[in-house]
Amino acid sequence: MSAPVADMDAIVSVRDLQVQFQTTDRHATVKAVDGVDFDVRRGETFGIIGESGSGKTTIGRALVFLLKPSAGAILHNGLDPLALPRRQFQSHRRDYQIIFQDPNAALNPRMTILSSVLEPLELAREGNKAERLKRAHEAMDRVGLPQDIGARYPHQLSGGQKQRVVIARALTLRPKLIVCDEVVAALDMSIRGDVLNLFAELQRDLGLTYVFITHDLAVVSHISERIAVMYLGRFVELGPTEEVSERPLHPYTQALLSAEPRPLPSSMRGGQRIVLQGEIPSPIDPPSGCRFRTRCQYAQPLCAEKTPDWRELARDHWVACHFADRPNFSPN
Amino acid sequence: MGETQPAQHHGNADASSGSQPLMSVRGLGIRFKTSQGVWQATRKIDFDIAAGERVGIVGESGCGKTITGLSILRLLPNNFAGLDGSILFDGVDLAKCSARVMRAIRGRRIAMIFQEPMSALDPVFTVGHQIAETLRVHTGVGKEEARERTLEMLRRVGIASPDRRIDDYPHQLSGGMRQRVMIAASLICGPQLLIADEPTTALDVTVQAQILELLRDLSETSNTALMLITHDLGVVAETCARMITMYAGEVIEDAAVDDALARPLHPYTSGLLRSLPHLSPRHGKLPSIPGRVPSIMDMPNGCRFKARCPHAIDGCEKEQELRDAGSGRKVRCWRFNELDLPGALQHAPNAPIAALVGHP
């Protein structure tokens, strides 16, 4: 696999990343992430979309070193955080935060909202008590939470408010990058828009970079500048949002786009739906060659023999498919 | 995909006009006991489902859609305090019939599937046993025949090599296959109505597409009516002919899916459509509905949406009835005639979703 051209403006560079887990009986290895290359550019929103078991959450955790890569490298600003001494590593990782799907699991039910927001500042021993309090209040203000919420407990808040608390907490240490793992999946439709707007506003005002991980195509294509499509531990496609969602090159991306239920009257829906057969194979024993070939309607003998190269077929638009550049291949 | 049901199925909520619906719900309300007194979870729920019709019940969490589905089968929690109104199913009032009558209907003539198949399946029995059990309890057929029919049903729901899978335990199956097994178990007795509560929410989008296609096909071939409870307007658009929108425990709109999406009559339905990222220009600000759903403990008088409604005026504090809006549509908004609310057609033209529609 050839790496993408090194990007001078990369806040995160991922090179041939592999993350493996042992099964509990230690007889098999799950290759959750198996050779992924990409750069996240400063100030952008980089979307990663994939189904359960594709490895997208594993990548997110590895990006902030909640998981150690089994092989390959993750560079933050061109620097390998794992090479830092322990102390420096700890202060370094404050710049790289992560937010998860379920705010109920992320908030301690026995801590008040204010003490939850204060906790990262206390752990980082930032300033004195008054300064920490000021920064916690600033962060809560920033995400649109009224001050009086600080004295409450998580169960007294709505889902949208709880997710705002979690965002405020991640902001207290003034990170450069936030990995957002399914951050709106647990929220109701009418609230989702508010929280997505908040993410966009914070990015504009604070110059944040996001890695936005989700299974929701509509969400990822709304918020991201670039989208990576993941399948069984690998990227199958990566490109600007408009390109990927309007001119998808990989058959899996095409199937994903066509499977998305569209809230439109039947006259506007049109288009033939590609219904994939079967489900995602096990990452313990992935198919040889192209991993998608077992569900791909265009699969050829070559697909089983040879792993497709990671190729840049259009400017900034990468794909791993032997046939992506052949005419009559895609419904495009 | 996308074909609509015959016109006579479209929301002819008035039982006196046209043929008798399969199920007719009138004035349904559910009350719960809590430490703070009795709460009214839903009220004045009116709707009909015709034989073979596919109806979506949509709304956000807490709107009462799930409890409405459960109350049809009288699967009510322990703190249940009372049921008002009637649920007329083929001449029997399910709200008042005896437990014995209910047992004969539940699982046999009205079946239900849930979001999480793993919690609905018993981990210590094979899936074949669990499907056959449903059939044997309800119809008293012998072991051999039950197994034969289970195999046939597993084949119909698209399980590959059913003769092997029939003796598998639930944990040996993937999420999509478990939902197929649940569908097989629910349809084995040939029910007239299947209530599906968020049946694809726990599934991946490519598997969701398979399951929705299966539900559509089975409902068509066996003329089983489908009551699909979901928060996902896309799922309803692709599966159902009619859409019933609920808000704060009430039905606020009832219309053919295409009509409701193209030209919603209730400001809430229109607001929901607007807030979907599918229908908004990329990277733009997503319109949202300000405020929150009123608390069950403190429901406002009159229109329950008025505090969040951009069109609220004097008069909205009056009690709102579900009004007949013509051509089989109903809406709980007295201003529906003067409001011209945007739907998917008005939202979508510049939206990214337009690009997804119909690859040439």
# chains A, B, ... in the order shown; residues from 1 in each chain; ligands from 1
>>> closest_atom_pairs(of="chain A", to="chain B", cutoff="7 Å", atoms="only C-alpha atoms", output="tab-separated table")
residue	atom	partner	partner_atom	distance
A:Glu51	CA	B:Asp204	CA	5.7
A:Ser52	CA	B:Asp204	CA	6.7
A:Asp188	CA	B:Glu60	CA	6.0
A:Ser190	CA	B:Ser288	CA	5.8
A:Gly193	CA	B:Leu286	CA	5.3
A:Asp194	CA	B:Ser288	CA	6.1
A:Asn197	CA	B:Lys285	CA	5.9
A:Ala218	CA	B:His278	CA	5.2
A:Val219	CA	B:Pro277	CA	6.1
A:His222	CA	B:Arg282	CA	4.7
A:Ile223	CA	B:His283	CA	5.5
A:Glu246	CA	B:Ala355	CA	5.9
A:Leu256	CA	B:Thr206	CA	6.3
A:Ala259	CA	B:Thr206	CA	5.6
A:Glu260	CA	B:Val205	CA	6.3
A:Pro261	CA	B:Gly234	CA	4.4
A:Arg262	CA	B:Gly234	CA	4.3
A:Pro263	CA	B:Gly234	CA	3.8
A:Leu264	CA	B:Ala344	CA	6.0
A:Pro265	CA	B:Asp258	CA	4.4
A:Ser266	CA	B:Gly2	CA	5.1
A:Arg269	CA	B:Val357	CA	5.6
A:Gly270	CA	B:Gly358	CA	4.9
A:Gly271	CA	B:Gly358	CA	3.5
A:Gln272	CA	B:Gly358	CA	6.9
A:Val275	CA	B:Gln210	CA	6.4
A:Leu276	CA	B:Thr206	CA	6.4
A:Glu279	CA	B:Val207	CA	6.9
A:Pro331	CA	B:His359	CA	6.5
A:Asn332	CA	B:His359	CA	6.2
>>> residues_around(residues="B:Leu193", least_positions_apart="5", cutoff="10 Å", atoms="only C-alpha atoms", output="ChimeraX atom specification")
/B:22-23,49-54,89,107-112,186-187,219,223-227
>>> atom_distance(atom1="atom CA of A:Thr112", atom2="atom CA of A:Phe212")
27.9 Å
>>> residues_around(residues="B:Arg332", least_positions_apart="2", cutoff="6 Å", atoms="only C-alpha atoms", output="count of residues only")
5
>>> select_by_dssp(residues="stretch 253-349 of chain B", states="alpha helix (DSSP H)", output="list in words")
Val257, Asp258, Asp259, Ala260, Leu261, Ala262, Pro267, Tyr268, Thr269, Ser270, Gly271, Leu272, Leu273, Arg274, Ser275, Ala344, Leu345, Gln346 and His347 of chain B
>>> write_last_selection(atoms="N, CA and C atoms", output="mmCIF file, in the first residue's frame")
data_model
loop_
_atom_site.group_PDB
_atom_site.id
_atom_site.type_symbol
_atom_site.label_atom_id
_atom_site.label_comp_id
_atom_site.auth_asym_id
_atom_site.auth_seq_id
_atom_site.Cartn_x
_atom_site.Cartn_y
_atom_site.Cartn_z
ATOM 1 N N VAL B 257 -47.871 8.597 3.247
ATOM 2 C CA VAL B 257 -46.468 8.983 3.444
ATOM 3 C C VAL B 257 -46.044 10.060 2.449
ATOM 4 N N ASP B 258 -46.371 9.847 1.185
ATOM 5 C CA ASP B 258 -45.938 10.808 0.168
ATOM 6 C C ASP B 258 -46.507 12.196 0.423
ATOM 7 N N ASP B 259 -47.768 12.254 0.849
ATOM 8 C CA ASP B 259 -48.393 13.542 1.145
ATOM 9 C C ASP B 259 -47.739 14.198 2.354
ATOM 10 N N ALA B 260 -47.536 13.400 3.415
ATOM 11 C CA ALA B 260 -46.969 13.956 4.646
ATOM 12 C C ALA B 260 -45.560 14.490 4.408
ATOM 13 N N LEU B 261 -44.789 13.799 3.569
ATOM 14 C CA LEU B 261 -43.418 14.244 3.314
ATOM 15 C C LEU B 261 -43.391 15.426 2.347
ATOM 16 N N ALA B 262 -44.261 15.387 1.348
ATOM 17 C CA ALA B 262 -44.253 16.450 0.342
ATOM 18 C C ALA B 262 -44.873 17.724 0.890
ATOM 19 N N PRO B 267 -47.095 21.802 11.901
ATOM 20 C CA PRO B 267 -45.775 22.450 12.016
ATOM 21 C C PRO B 267 -44.697 21.528 12.593
ATOM 22 N N TYR B 268 -45.087 20.573 13.455
ATOM 23 C CA TYR B 268 -44.085 19.668 14.016
ATOM 24 C C TYR B 268 -43.528 18.745 12.938
ATOM 25 N N THR B 269 -44.410 18.182 12.122
ATOM 26 C CA THR B 269 -43.950 17.293 11.049
ATOM 27 C C THR B 269 -43.017 18.056 10.110
ATOM 28 N N SER B 270 -43.402 19.274 9.773
ATOM 29 C CA SER B 270 -42.567 20.093 8.903
ATOM 30 C C SER B 270 -41.219 20.395 9.559
ATOM 31 N N GLY B 271 -41.252 20.702 10.852
ATOM 32 C CA GLY B 271 -40.023 20.995 11.590
ATOM 33 C C GLY B 271 -39.084 19.807 11.655
ATOM 34 N N LEU B 272 -39.652 18.621 11.847
ATOM 35 C CA LEU B 272 -38.840 17.399 11.869
ATOM 36 C C LEU B 272 -38.130 17.206 10.545
ATOM 37 N N LEU B 273 -38.869 17.383 9.455
ATOM 38 C CA LEU B 273 -38.276 17.223 8.129
ATOM 39 C C LEU B 273 -37.146 18.222 7.912
ATOM 40 N N ARG B 274 -37.382 19.450 8.366
ATOM 41 C CA ARG B 274 -36.361 20.480 8.208
ATOM 42 C C ARG B 274 -35.077 20.154 8.959
ATOM 43 N N SER B 275 -35.220 19.479 10.113
ATOM 44 C CA SER B 275 -34.042 19.254 10.946
ATOM 45 C C SER B 275 -33.189 18.085 10.459
ATOM 46 N N ALA B 344 -40.513 17.910 2.293
ATOM 47 C CA ALA B 344 -39.246 17.456 1.714
ATOM 48 C C ALA B 344 -38.985 18.092 0.356
ATOM 49 N N LEU B 345 -40.039 18.371 -0.410
ATOM 50 C CA LEU B 345 -39.858 18.934 -1.748
ATOM 51 C C LEU B 345 -39.230 20.317 -1.680
ATOM 52 N N GLN B 346 -39.683 21.108 -0.692
ATOM 53 C CA GLN B 346 -39.154 22.461 -0.575
ATOM 54 C C GLN B 346 -37.775 22.472 0.064
ATOM 55 N N HIS B 347 -37.511 21.483 0.925
ATOM 56 C CA HIS B 347 -36.223 21.471 1.604
ATOM 57 C C HIS B 347 -35.130 20.918 0.712
#
>>> atom_distance(atom1="atom CA of A:Ile99", atom2="atom CA of A:Val179")
6.2 Å
>>> select_by_dssp(residues="stretch 52-242 of chain B", states="strand (DSSP E)", output="PyMOL selection string")
chain B and resi 54-58+80-89+92-93+110-113+193-197+225-230+242
>>> residues_around(residues="B:Phe47", least_positions_apart="6", cutoff="8 Å", atoms="only C-alpha atoms", output="ChimeraX atom specification")
/B:13,24-26,254
